[in-house]
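Engineer: This is the structure I want to talk about, given as C-alpha cells.
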There are 4 protein chains.
Amino acid sequence: MATNTGTATVDLASLQSALHRTRSLSVALAAPLSDADASVQSMPDASPAKWHLAHTTWFFETFVLANVPGYRPFDDRYGFLFNSYYEAAGPRHARDRRGLLTRPALADVLAWRGHVDDALAAALPGLDADALALVTLGINHEQQHQELLLTDLLDLFAANPLEPAYLPAPPIDAPARARRWESHEGGIVRIGHAGSGFAFDCEGPAHDVLLRPFQLANMLVTNAEWQAFIADGGYTDPRLWLSDGWAWVQRCAITAPLRWQAGTDGWTSMTLAGRQPLAPHAPVTHISHFEADAFAAWAGARLPTEAEWEVAAHGQDAAAGHQLDSAAAVQPTGASDGLFGDCWQWTASAFLPYPGFRPAPGAVGEYNGKFMSGQMVLKGASCATPRGSSRASVRNFFVPHQRWQFTGLRLARDA
Amino acid sequence: MATNTGTATVDLASLQSALHRTRSLSVALAAPLSDADASVQSMPDASPAKWHLAHTTWFFETFVLANVPGYRPFDDRYGFLFNSYYEAAGPRHARDRRGLLTRPALADVLAWRGHVDDALAAALPGLDADALALVTLGINHEQQHQELLLTDLLDLFAANPLEPAYLPAPPIDAPARARRWESHEGGIVRIGHAGSGFAFDCEGPAHDVLLRPFQLANMLVTNAEWQAFIADGGYTDPRLWLSDGWAWVQRCAITAPLRWQAGTDGWTSMTLAGRQPLAPHAPVTHISHFEADAFAAWAGARLPTEAEWEVAAHGQDAAAGHQLDSAAAVQPTGASDGLFGDCWQWTASAFLPYPGFRPAPGAVGEYNGKFMSGQMVLKGASCATPRGSSRASVRNFFVPHQRWQFTGLRLARDA
Amino acid sequence: MATNTGTATVDLASLQSALHRTRSLSVALAAPLSDADASVQSMPDASPAKWHLAHTTWFFETFVLANVPGYRPFDDRYGFLFNSYYEAAGPRHARDRRGLLTRPALADVLAWRGHVDDALAAALPGLDADALALVTLGINHEQQHQELLLTDLLDLFAANPLEPAYLPAPPIDAPARARRWESHEGGIVRIGHAGSGFAFDCEGPAHDVLLRPFQLANMLVTNAEWQAFIADGGYTDPRLWLSDGWAWVQRCAITAPLRWQAGTDGWTSMTLAGRQPLAPHAPVTHISHFEADAFAAWAGARLPTEAEWEVAAHGQDAAAGHQLDSAAAVQPTGASDGLFGDCWQWTASAFLPYPGFRPAPGAVGEYNGKFMSGQMVLKGASCATPRGSSRASVRNFFVPHQRWQFTGLRLARDA
Amino acid sequence: MATNTGTATVDLASLQSALHRTRSLSVALAAPLSDADASVQSMPDASPAKWHLAHTTWFFETFVLANVPGYRPFDDRYGFLFNSYYEAAGPRHARDRRGLLTRPALADVLAWRGHVDDALAAALPGLDADALALVTLGINHEQQHQELLLTDLLDLFAANPLEPAYLPAPPIDAPARARRWESHEGGIVRIGHAGSGFAFDCEGPAHDVLLRPFQLANMLVTNAEWQAFIADGGYTDPRLWLSDGWAWVQRCAITAPLRWQAGTDGWTSMTLAGRQPLAPHAPVTHISHFEADAFAAWAGARLPTEAEWEVAAHGQDAAAGHQLDSAAAVQPTGASDGLFGDCWQWTASAFLPYPGFRPAPGAVGEYNGKFMSGQMVLKGASCATPRGSSRASVRNFFVPHQRWQFTGLRLARDA
C-alpha cells in the first residue's frame, strides 16, 4: 500500500482536512436514519448503516490508533463485532448476522466515532509515514463504505412495502441524446496506477497492454433503451444470455432491472427518494453483469474491457460527474458527459491481478487480492460515489448477478 | 369462538378493566427497548417486539373496530404489514421479512396503539355480544403475544455477542427437592374446556377419554438432572432418541439446551437478565420435544399425555405460578408447587382436533385448527405467561425441534 | 417382538413354506427389471429394487444367520452397504446414496439371496424360539419391502420421460357406485394386536379406547370425486387446508395427485403399466395426507381416526382385497368391498405409541418406536401389499406430504 | 466453426478413418461397464457413461443426419433425452436427472450408435463442406466426451464404498526429478488458433498479446510436494487462499485433493484401477483452481496465464503426452517431458472471449461462448485425453471449485 500512497508527498494539513471531511460526511449521511433504519440488514450482501459507521471507525482504531502509545479503545468488544473480513485481525461476527446487533445503539456508535476522531486528530501530527499511509487508506476505505451505506440503505427501504424515502429529491428530467461512437486507435497503452496519489493495491502495477482499435459510446445505455430491450423479448431469448445468466434469469424470474415495476402509468423504480417514475433518458441502473452482457449482444455491440475503458478515460477529471458531496437522495440523472458518474459500468474483464501484483504484507494486505476470483470489473463511479474518490485506474468489482449497486453499462464495439 | 366465550356472562366493567390491563402491559414490556431492539427479527420463527405490538393492535382494528361506524383506520397500509396468517383477511407481509420494517417506527406503532385504545374504549359500551366476544378473544390473543414478545426478544439478545440484559434480575436460588410421584387412578375422565369462561377454539369440545392408572412427578426436571443426562452421554446415544430427533442432534450439533455454555466455572445460560450461572435446582428450560423425549427415556419414564396432565391439573389455580404481571427479567425459579408456571411442559400428545371440533366460520376461524399438523402439545404456563391467562385446558403447541420458548418437562410413568 | 409373535404356536413347516413363498416372490417381482432398473434411486425417500432385495437378505444374515455356528457371510462388506437404519448394527451407507451402488450387480445380489436362502433352509430346524420369531419378523419385514420395491420402481419409471411399463395390464373398468355411510355406535372398544399371530411391535399393546358414535364410508373416494374437487378449486382455496399443507401446495405448485396429467382427452396417470387414462370410478391414489384432509373438509366430512377404522375392520378378512400374489402391474381397481386393498387410507391419527408400549431390547428394538414423530397413520392395505400380510391392527405411517405410495382416503363423519 | 475447420483441406478418407476410430474408441471405453455402471449419475456435474455414448450420437443425428434425405431417426424420443444444453435444438431432459434414465438400456444405446454409424458411413461421401465440418466438429466433440466418460465414471466408482476398479493397472513408479525454470522473454506474441486444422470456436481468433518476461516450470507439481504443502498447514492458513477458496475449504471441510485418504501406511488415492498408494513423484491431480492458487502462493510462485502457457507450448507435439488410445485404467504417471499430458493445468486466466470472437450462428453456435462466465482456463491435456486431440490453443475450462477431472498445476514466476 505504502508505495502506492506516495507518502513522501503527504501534506499533513490536507490529510487532516480530508479526514475531517470524510468522517463528517459519514455522519451526515446517517442523519436522516432512525436507530432501527441504521441497524437492520436487508440481505447478507448488504450491511446496516450502523455497521458501516462502526467498521470504518474500527479500521482507524485497529490499524492506526492501536499502535499509538496511550490510546485506550472505546470498547474492547467492538473489535470482534466490526471486523469485516480481515482474517489476520482475529475472529469476527458473521457477516449475515450484522443486522442482529441492536446494541451498541446508533448513538453509541456515534459516540465511538467521536472518541476515535478526537484521538486521530491528536495523534496525526506524530504519526510516521507508514501510519499516515494507513490514514489515507482509511479515508479511501471509508469513502467506499459511504457508497455502500447508501446502496445498502436503498435495498432496505425497497424491502419495506411502505417504500420510505431517504430524502426527497426533484424528478429527473434528462433530455434525449443521440449516441455517438468515440474511436480509439489501440496499440500498446499503459494502464494501472502509477502516480504519487493514493490508489488501492489492485490498481497497480502500471503496465502495458496491447489493444486493438475500438469504439466507445459517449453515453450510458438509457432506461428507454432498456424498455425497448424488454419489449423485444430480451429477457426471454436464451440466445442473448451467458449460460449462468440464463439460469439466473430462470431461477429468479428476472424480467427487468432490480425494483422496476410496470404500472398502468408506465414503469417506476424504487429510489432513495421513494418510488419514482422512470426518466426515459436517464441511464439505466441496478442491472447485473448478466443483463449488461445480454443487452450488449442484443444491441449488436459488446462491453468494453477494463483497459479500453481506462484508456478512454485518461485525462478526464474523475470529479466531474454527478457525485455525492453531502446527504442527498442520489440517483443517476444522465447529465454527465464524461465517463465518470451516474453508474458504475460493467466491463468484459474479470477481476484478476495485474502482471506483477503482490499483496501487501500484514492484515491490510488482505485488502483486495483475495477477492480476485469470480468477480467482474466495473469502471467509473456512480451517483453515490463521494466526489473526488474515483480515478481512471479504479477497479470496482462485483459478482455477475449482483445489482443492488448503481450499476449500468456503456457499449463498445470493434473499430 | 362465541360459544366458548360465554358472552352471556360478560361483565362490561371487567372487560374494560382486562382490556386496559392487557394493553398497558404490552407497552410496559416494550419500555426497556430501543427502536432497533423492537424492530429486528432474530430468526423466521420469531417476530420483532414492534411487530407484536402492532399485530395485536391490528387484531382489534380488523375484527372489532372495522365494523364500528365512523371508525377511521390509523393508517390503511398497516393491514398488509401486520396481518399474521389470516388468509381470509387478505394478503400480508412475509413472515420472515418482518424484521425489515424499520418504518413505521416504534413510536409510530405506539401512537397507533393509543388511537386504537381510544377507539375501543369509546366503542365498547355499544358493542353487541359477538363483538364483545371478539374483544375477549383479542385480550387473550394479546396475552399470547406478550409471552412471545419476551421469548423472541431473548432470542434476539442471545444472538448478540454483547448478550445484553433486558432487565436486571436477582440470581435464582432454588433449594434441592426430592421428586415424588403423584398417583392417578385413570378411568373415564372429562377433558377440554366446558365452562362459561374464555377458551381458545382448540380447547374444546369437552369430551370423555379413557385413561389407565398413571403417576406424575410433583416437580419439573431440573438443571442438575439435565447435567447428569449430559454427563451420562445422553446426547451421544442414538438409542435414547426418536429418529427425527437424532437426525436433528447430528445435523445441528446439539449438545445441551439452547444457549447453555460450559465454562471453567460451570454451566451458564443466556437469560433476560443476561448470561447467568445455571441454578442447579431450578427447572431446565429451552429444550425441544426431542430432548424431552430422550431425557424421559434415559430416566426410565415417559412424557405425560395431554389428558393425563389436564386431569392432574383439575382444581389447581392456574394463577398460582410464577407468572408475569409487569416488566421483569422473567426466568424459571423452581418455586412453584403446582403444575402451572416456570415452563411449558412437553407432552406425548400430537396437536390434533378433539372429537367434534369444528373451526369457527370466518377469518377468526383460522385461529388454531389449521395448525393441527406436525406439532406437539405443551401444557401449563411459563414464567413468561401473563398471570391468569392459562388454564388446565390450554393447549400450547410447537414443532418438535423448537425450543426458544420457556419449555421444560415433567416426567410421567405407568402406575 | 417375541411376545407378539406367539412363538409357542409356530409350525415349522408353515414357516418354511411362508419363508420360501416370500423369498421367491421378491425375486419374481424383480424379474422384469434390468440391472440398471434395479440399481437407480429416484429420490432420497425411495430405494433401488436391488437394495430392497439386498437389505431383506441382510436382515436374515445379520439377525438370524450370524448366530448360526459355521455360517460364513457371503461378502463381509455387504453389512455396511445394506443396513437401513439400525444404529446398533453399526455404521451404514447413507440413505440418499443407495443409488450409487452399481456394484454389487443385480446378479451378485441374487446370488447372495441364494446363499442366504440355502443357509436359512439348512438352519431352520435347529433354531430356537427367539430365532424363529426373528425369521417370522424377517418374512413380514420382507413383505413390507416388496410393496416398497413396487412403489419405488413406479417412482423411478415415472421420472423417465419414456414412462416405461413394468408389466402390461388391462384397463381398469370400475363401475360407478353410490357411497353408503356405515354407522358404528362407539363406546369402549379394544384395539391393537392381541392374538397369537404375528404383529409388528407398534401394533400393541391391545388396549381400550373410548369412541363416540361415528359413520364410515363403504368405499374409497374415487378419481371422479377428486376431479370434482379440482374443478371446484380445491387446490386454490386456503381455507380447506392445514397451514403446513397450504405451504406445501404453494411451494411445490401442487394441483393434482402425483403424476396426474390433464390432456385434451382427459386426465391420465402414470402407473406400473405405463401412462393410462384415469378410471373415473376407481379409487384415487397417490395423494398426501394434506390432500386427503383438504378433500375431507371440502366434502363436509373428516378422516377417520385409526381406532374408528380398526373397529370397523374387526372381523374382516384382510386377505380379501385385491392384493399382490405374483408379479403384476398392480393398480387400484375399485373392486374391493371391504376396508382392505386398493389403497392405504390416511387417518386423522398421528403415529404415537399405544399406552404401555415399550421398544424391544437390542437392534431389532429400533424397529418402529423411533419413527413415532411427525408421521400419520394409514390403515388397510394397497394393491401392492402382498396378500395376507395386512391386519386390522397394522399401522402404516408416512410423513404428511409423502404420496408416492398407493395412498387414498375413506371418509368418516360424526354420527 | 467452418472457418476454423479448414474444410478446403478435408481429406475424406482421413475423415472416415478418424470418425471410425473415434466412434469405436467410445464403445471400447464402455466395454468394461455393466448396464448399471453406465446408467447411474454420481452428481449433477457428471453424466452417466450411457449418456455420453448417447449424446455424442445425438450430435451426429441432429446436426448432420437430420439434413440427409431419407434418414430415419432411430427413436424420435431420444432427441429430448440426449440434448445437453442446446437451447436452439429444443427442450431437453434436466441435467441432474440424467441418471434416472434406466431406459433406454445400454444395449439400446449401442444399437442406436450402430444405426447412426452406418448412416454416417453411407452419407459421408455425399456431404457438402459445411456438413463435413460438422462431422469434424462431432469427432472432436466426442473426444471431449470420452475424457468425461472416464472422469465421470471414476467419480461414480469413488462414491461406492467397494471402490471398484474400472481396469487393473500397474503401479506408478515415477522417479524423483528436480524442477527447472524455463525462461521466456515475452514481448508481443501471437496466440489462438490460426491454421487450417480443426479448432473449437473459443480458440480463436488468433491475436497478439503483450507479455512480460516469465519463467515456467519444466514439470508439474508432484504428490510429494503437495504432501509438504499439507504438512506445512497449507489447508489451514487463510492467508494463502482466495476468499472464495477459503470459504470453500471451510464449508466443505477440504483437507487434501479429492479422494485422498491418509492411512497408517501413507496416503492413498482412488483411481480407475481402484484405491492405490500415491506415487510421490507423480503429478498431483484432482485439485481445484482454489487449491492450485493457494499452493502457488505457498511456493512463492504463481499460476501461468493462458498466453504464457500457450507461447511456451508452441512447437510442441500435443500427441507426445501419455494420452489415451485404448481402454486402460489411465492415471498421471509423471513420465511426460512436454507441456501436454498427465493433467490439465490450471491457469491464472478467466475463460473470456478473445478479441474479435463471435459466436457461430445457429444451434452449434451455442458451443462455447455462453460458458464465458465464472470459469478458469486450463491448458494442456490429461492422461484421459484421447491422443492427438489437444493443441497448444485448446482452452479447457471449469468452475474454480471443480476437481473431478484430472487437474493439476505447473508453476510460473516473473522473470
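Residue numbers start at 1 in each chain; chains themselves are named A, B, ... in the order of the C-alpha cells; ligands are numbered from 1 in the order shown.
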Counting only C-alpha atoms, a student should be able to say which residues of chain A come within 10 Å of chain D; what is the right answer, written as a PDB file with C-alpha atoms, in the first residue's frame?
Structural biologist:
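Listing of iface-v6.pdb after writing:
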```pdb
ATOM      1  CA  TYR A  85     -13.069  -9.945   6.702  1.00  0.00           C
ATOM      2  CA  TYR A  86      -9.532  -9.461   7.986  1.00  0.00           C
ATOM      3  CA  GLU A  87      -8.614 -13.000   8.964  1.00  0.00           C
ATOM      4  CA  ALA A  88      -5.315 -11.795  10.377  1.00  0.00           C
ATOM      5  CA  ILE A 188       0.405  -0.507 -26.762  1.00  0.00           C
ATOM      6  CA  HIS A 207       1.773  -1.926 -17.096  1.00  0.00           C
ATOM      7  CA  ASP A 208       1.478  -2.000 -20.861  1.00  0.00           C
ATOM      8  CA  VAL A 209      -1.298  -3.766 -22.698  1.00  0.00           C
ATOM      9  CA  LEU A 210      -1.854  -4.233 -26.394  1.00  0.00           C
ATOM     10  CA  LEU A 211      -5.262  -3.058 -27.635  1.00  0.00           C
ATOM     11  CA  ARG A 212      -6.944  -3.331 -30.998  1.00  0.00           C
ATOM     12  CA  ASP A 237     -34.450 -15.246 -25.526  1.00  0.00           C
ATOM     13  CA  PRO A 238     -31.736 -17.599 -24.242  1.00  0.00           C
ATOM     14  CA  ARG A 239     -29.511 -16.911 -27.249  1.00  0.00           C
ATOM     15  CA  LEU A 240     -28.691 -13.473 -25.839  1.00  0.00           C
ATOM     16  CA  TRP A 241     -27.527 -14.733 -22.496  1.00  0.00           C
ATOM     17  CA  LEU A 242     -24.496 -16.344 -20.940  1.00  0.00           C
ATOM     18  CA  SER A 243     -25.383 -19.784 -19.650  1.00  0.00           C
ATOM     19  CA  ASP A 244     -25.061 -18.753 -15.996  1.00  0.00           C
ATOM     20  CA  GLY A 245     -27.047 -15.625 -16.760  1.00  0.00           C
ATOM     21  CA  TRP A 246     -29.892 -17.532 -18.352  1.00  0.00           C
ATOM     22  CA  HIS A 289     -23.388  -8.176 -15.404  1.00  0.00           C
ATOM     23  CA  PHE A 290     -25.526 -10.876 -16.983  1.00  0.00           C
ATOM     24  CA  THR A 305     -12.647  -4.264 -21.495  1.00  0.00           C
ATOM     25  CA  ALA A 348     -15.922  -7.552 -20.088  1.00  0.00           C
ATOM     26  CA  SER A 349     -12.940  -8.075 -17.759  1.00  0.00           C
ATOM     27  CA  ALA A 350     -12.694 -10.470 -14.871  1.00  0.00           C
ATOM     28  CA  PHE A 351     -11.169  -9.046 -11.699  1.00  0.00           C
ATOM     29  CA  LEU A 352      -7.699 -10.590 -11.811  1.00  0.00           C
ATOM     30  CA  PRO A 353      -4.265  -9.442 -10.639  1.00  0.00           C
ATOM     31  CA  PRO A 355       1.099  -8.508 -14.017  1.00  0.00           C
ATOM     32  CA  GLY A 356       3.486  -8.193 -11.117  1.00  0.00           C
ATOM     33  CA  PRO A 361       2.180  -7.895   3.792  1.00  0.00           C
ATOM     34  CA  GLY A 362       0.142  -8.000   7.012  1.00  0.00           C
ATOM     35  CA  ALA A 363      -3.553  -7.698   7.667  1.00  0.00           C
ATOM     36  CA  GLY A 365      -2.652  -6.931   2.654  1.00  0.00           C
ATOM     37  CA  GLU A 366      -5.897  -8.847   2.672  1.00  0.00           C
ATOM     38  CA  ASN A 368      -8.252  -6.705  -2.476  1.00  0.00           C
ATOM     39  CA  GLY A 369      -6.126  -9.564  -3.697  1.00  0.00           C
ATOM     40  CA  LYS A 370      -8.172 -12.268  -2.099  1.00  0.00           C
ATOM     41  CA  PHE A 371     -11.296 -11.239  -3.959  1.00  0.00           C
ATOM     42  CA  MET A 372      -9.716 -11.923  -7.352  1.00  0.00           C
ATOM     43  CA  SER A 373     -11.989 -14.826  -8.220  1.00  0.00           C
ATOM     44  CA  GLY A 374     -15.439 -14.939  -9.738  1.00  0.00           C
ATOM     45  CA  GLN A 375     -15.953 -11.174  -9.989  1.00  0.00           C
ATOM     46  CA  MET A 376     -16.168  -8.737 -12.897  1.00  0.00           C
ATOM     47  CA  VAL A 399     -20.191 -10.963  -8.699  1.00  0.00           C
ATOM     48  CA  PRO A 400     -22.028 -11.173 -12.068  1.00  0.00           C
ATOM     49  CA  ARG A 413     -17.512  -2.277 -30.395  1.00  0.00           C
ATOM     50  CA  ASP A 414     -14.578  -3.243 -32.549  1.00  0.00           C
TER      51      ASP A 414
END
```
Engineer: Considering only C-alpha atoms, return as a PyMOL selection string whatever protein or nucleic-acid residues lie within 6 Å of range 131-142 of chain B, sequence-local ones (same chain, fewer than 3 positions apart) excluded.
Structural biologist: chain B and resi 2+56+127-128+145
Engineer: Any chance you could export the current selection's all heavy atoms as a PDB file, in the first residue's frame?
Structural biologist:
```pdb
ATOM      1  N   ALA B   2     -67.558 -17.848  19.802  1.00  0.00           N
ATOM      2  CA  ALA B   2     -68.585 -17.227  20.639  1.00  0.00           C
ATOM      3  C   ALA B   2     -69.127 -18.197  21.681  1.00  0.00           C
ATOM      4  O   ALA B   2     -69.321 -17.833  22.840  1.00  0.00           O
ATOM      5  CB  ALA B   2     -69.718 -16.698  19.772  1.00  0.00           C
ATOM      6  N   THR B  56     -51.103  -7.195  17.466  1.00  0.00           N
ATOM      7  CA  THR B  56     -52.200  -7.298  18.431  1.00  0.00           C
ATOM      8  C   THR B  56     -53.162  -6.116  18.272  1.00  0.00           C
ATOM      9  O   THR B  56     -54.368  -6.243  18.526  1.00  0.00           O
ATOM     10  CB  THR B  56     -51.651  -7.350  19.868  1.00  0.00           C
ATOM     11  OG1 THR B  56     -50.711  -6.270  20.040  1.00  0.00           O
ATOM     12  CG2 THR B  56     -50.925  -8.661  20.140  1.00  0.00           C
ATOM     13  N   LEU B 127     -70.983  -2.245  21.782  1.00  0.00           N
ATOM     14  CA  LEU B 127     -70.749  -3.467  21.005  1.00  0.00           C
ATOM     15  C   LEU B 127     -71.755  -4.550  21.340  1.00  0.00           C
ATOM     16  O   LEU B 127     -72.189  -4.676  22.491  1.00  0.00           O
ATOM     17  CB  LEU B 127     -69.336  -3.983  21.271  1.00  0.00           C
ATOM     18  CG  LEU B 127     -68.185  -3.071  20.819  1.00  0.00           C
ATOM     19  CD1 LEU B 127     -66.837  -3.727  21.148  1.00  0.00           C
ATOM     20  CD2 LEU B 127     -68.279  -2.762  19.329  1.00  0.00           C
ATOM     21  N   ASP B 128     -72.103  -5.352  20.345  1.00  0.00           N
ATOM     22  CA  ASP B 128     -73.006  -6.480  20.608  1.00  0.00           C
ATOM     23  C   ASP B 128     -72.210  -7.658  21.154  1.00  0.00           C
ATOM     24  O   ASP B 128     -70.979  -7.598  21.282  1.00  0.00           O
ATOM     25  CB  ASP B 128     -73.774  -6.851  19.332  1.00  0.00           C
ATOM     26  CG  ASP B 128     -72.870  -7.371  18.224  1.00  0.00           C
ATOM     27  OD1 ASP B 128     -71.691  -7.696  18.501  1.00  0.00           O
ATOM     28  OD2 ASP B 128     -73.337  -7.415  17.070  1.00  0.00           O
ATOM     29  N   HIS B 145     -49.229 -13.070  22.744  1.00  0.00           N
ATOM     30  CA  HIS B 145     -48.135 -12.345  22.103  1.00  0.00           C
ATOM     31  C   HIS B 145     -47.219 -11.670  23.112  1.00  0.00           C
ATOM     32  O   HIS B 145     -46.053 -11.414  22.817  1.00  0.00           O
ATOM     33  CB  HIS B 145     -48.687 -11.339  21.083  1.00  0.00           C
ATOM     34  CG  HIS B 145     -49.063 -11.985  19.793  1.00  0.00           C
ATOM     35  ND1 HIS B 145     -48.141 -12.254  18.813  1.00  0.00           N
ATOM     36  CD2 HIS B 145     -50.247 -12.468  19.335  1.00  0.00           C
ATOM     37  CE1 HIS B 145     -48.744 -12.850  17.789  1.00  0.00           C
ATOM     38  NE2 HIS B 145     -50.022 -12.990  18.080  1.00  0.00           N
TER      39      HIS B 145
END
```
Engineer: With a distance cut-off of 8 Å and only C-alpha atoms, select the neighbouring residues of Trp181 in chain D, excluding the residue or stretch itself and same-chain residues fewer than 4 positions from it, and output the selection as a PyMOL selection string.
Structural biologist: chain D and resi 215-218
Engineer: So that I have them on file, write out the residues from the current selection with C-alpha atoms, as a PDB file, in the first residue's frame.
Structural biologist:
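Output contents, as saved in again14.pdb:
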```pdb
ATOM      1  CA  GLN D 215       9.587 -18.459 -16.304  1.00  0.00           C
ATOM      2  CA  LEU D 216       7.685 -21.716 -16.453  1.00  0.00           C
ATOM      3  CA  ALA D 217       8.472 -24.908 -14.549  1.00  0.00           C
ATOM      4  CA  ASN D 218       9.537 -27.867 -16.662  1.00  0.00           C
TER       5      ASN D 218
END
```
Engineer: Which residue is closest to Val377 in chain B? Choose from B:Ala123, B:Leu65, B:Leu303, B:Ala312 and count only C-alpha atoms.
Structural biologist: B:Leu303
Engineer: Contacts of Gly233 in chain C at 12 Å or less, counting only C-alpha atoms, minus same-chain residues fewer than 6 places along, as a list of chain:residue names?
Structural biologist: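 Surrounding residues, per the criterion: C:Trp226, C:Gln227, C:Arg239, C:Leu240, C:Thr255, C:Ala256, C:Ala294, C:Phe295, C:Trp298.
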Engineer: Pick out the residues sitting within 8 Å of Ala273 in chain B, and hand them over as a compact mmCIF listing (two decimals) with C-alpha atoms, in the first residue's frame; count only C-alpha atoms, and ignore anything fewer than 4 positions along from it in its own chain.
Structural biologist:
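Wrote it out as around-v6.txt, contents follow:
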```txt
# COMPACT_ATOMS: atom_id res chain seq x y z
CA PRO B 164 -27.39 -7.51 26.64
CA ALA B 165 -29.80 -7.77 29.56
CA TYR B 166 -33.44 -6.84 29.11
CA LEU B 167 -33.70 -6.02 32.80
CA PRO B 168 -31.53 -6.92 35.78
CA ALA B 169 -32.74 -9.76 38.00
CA ALA B 329 -36.47 -10.29 33.61
```
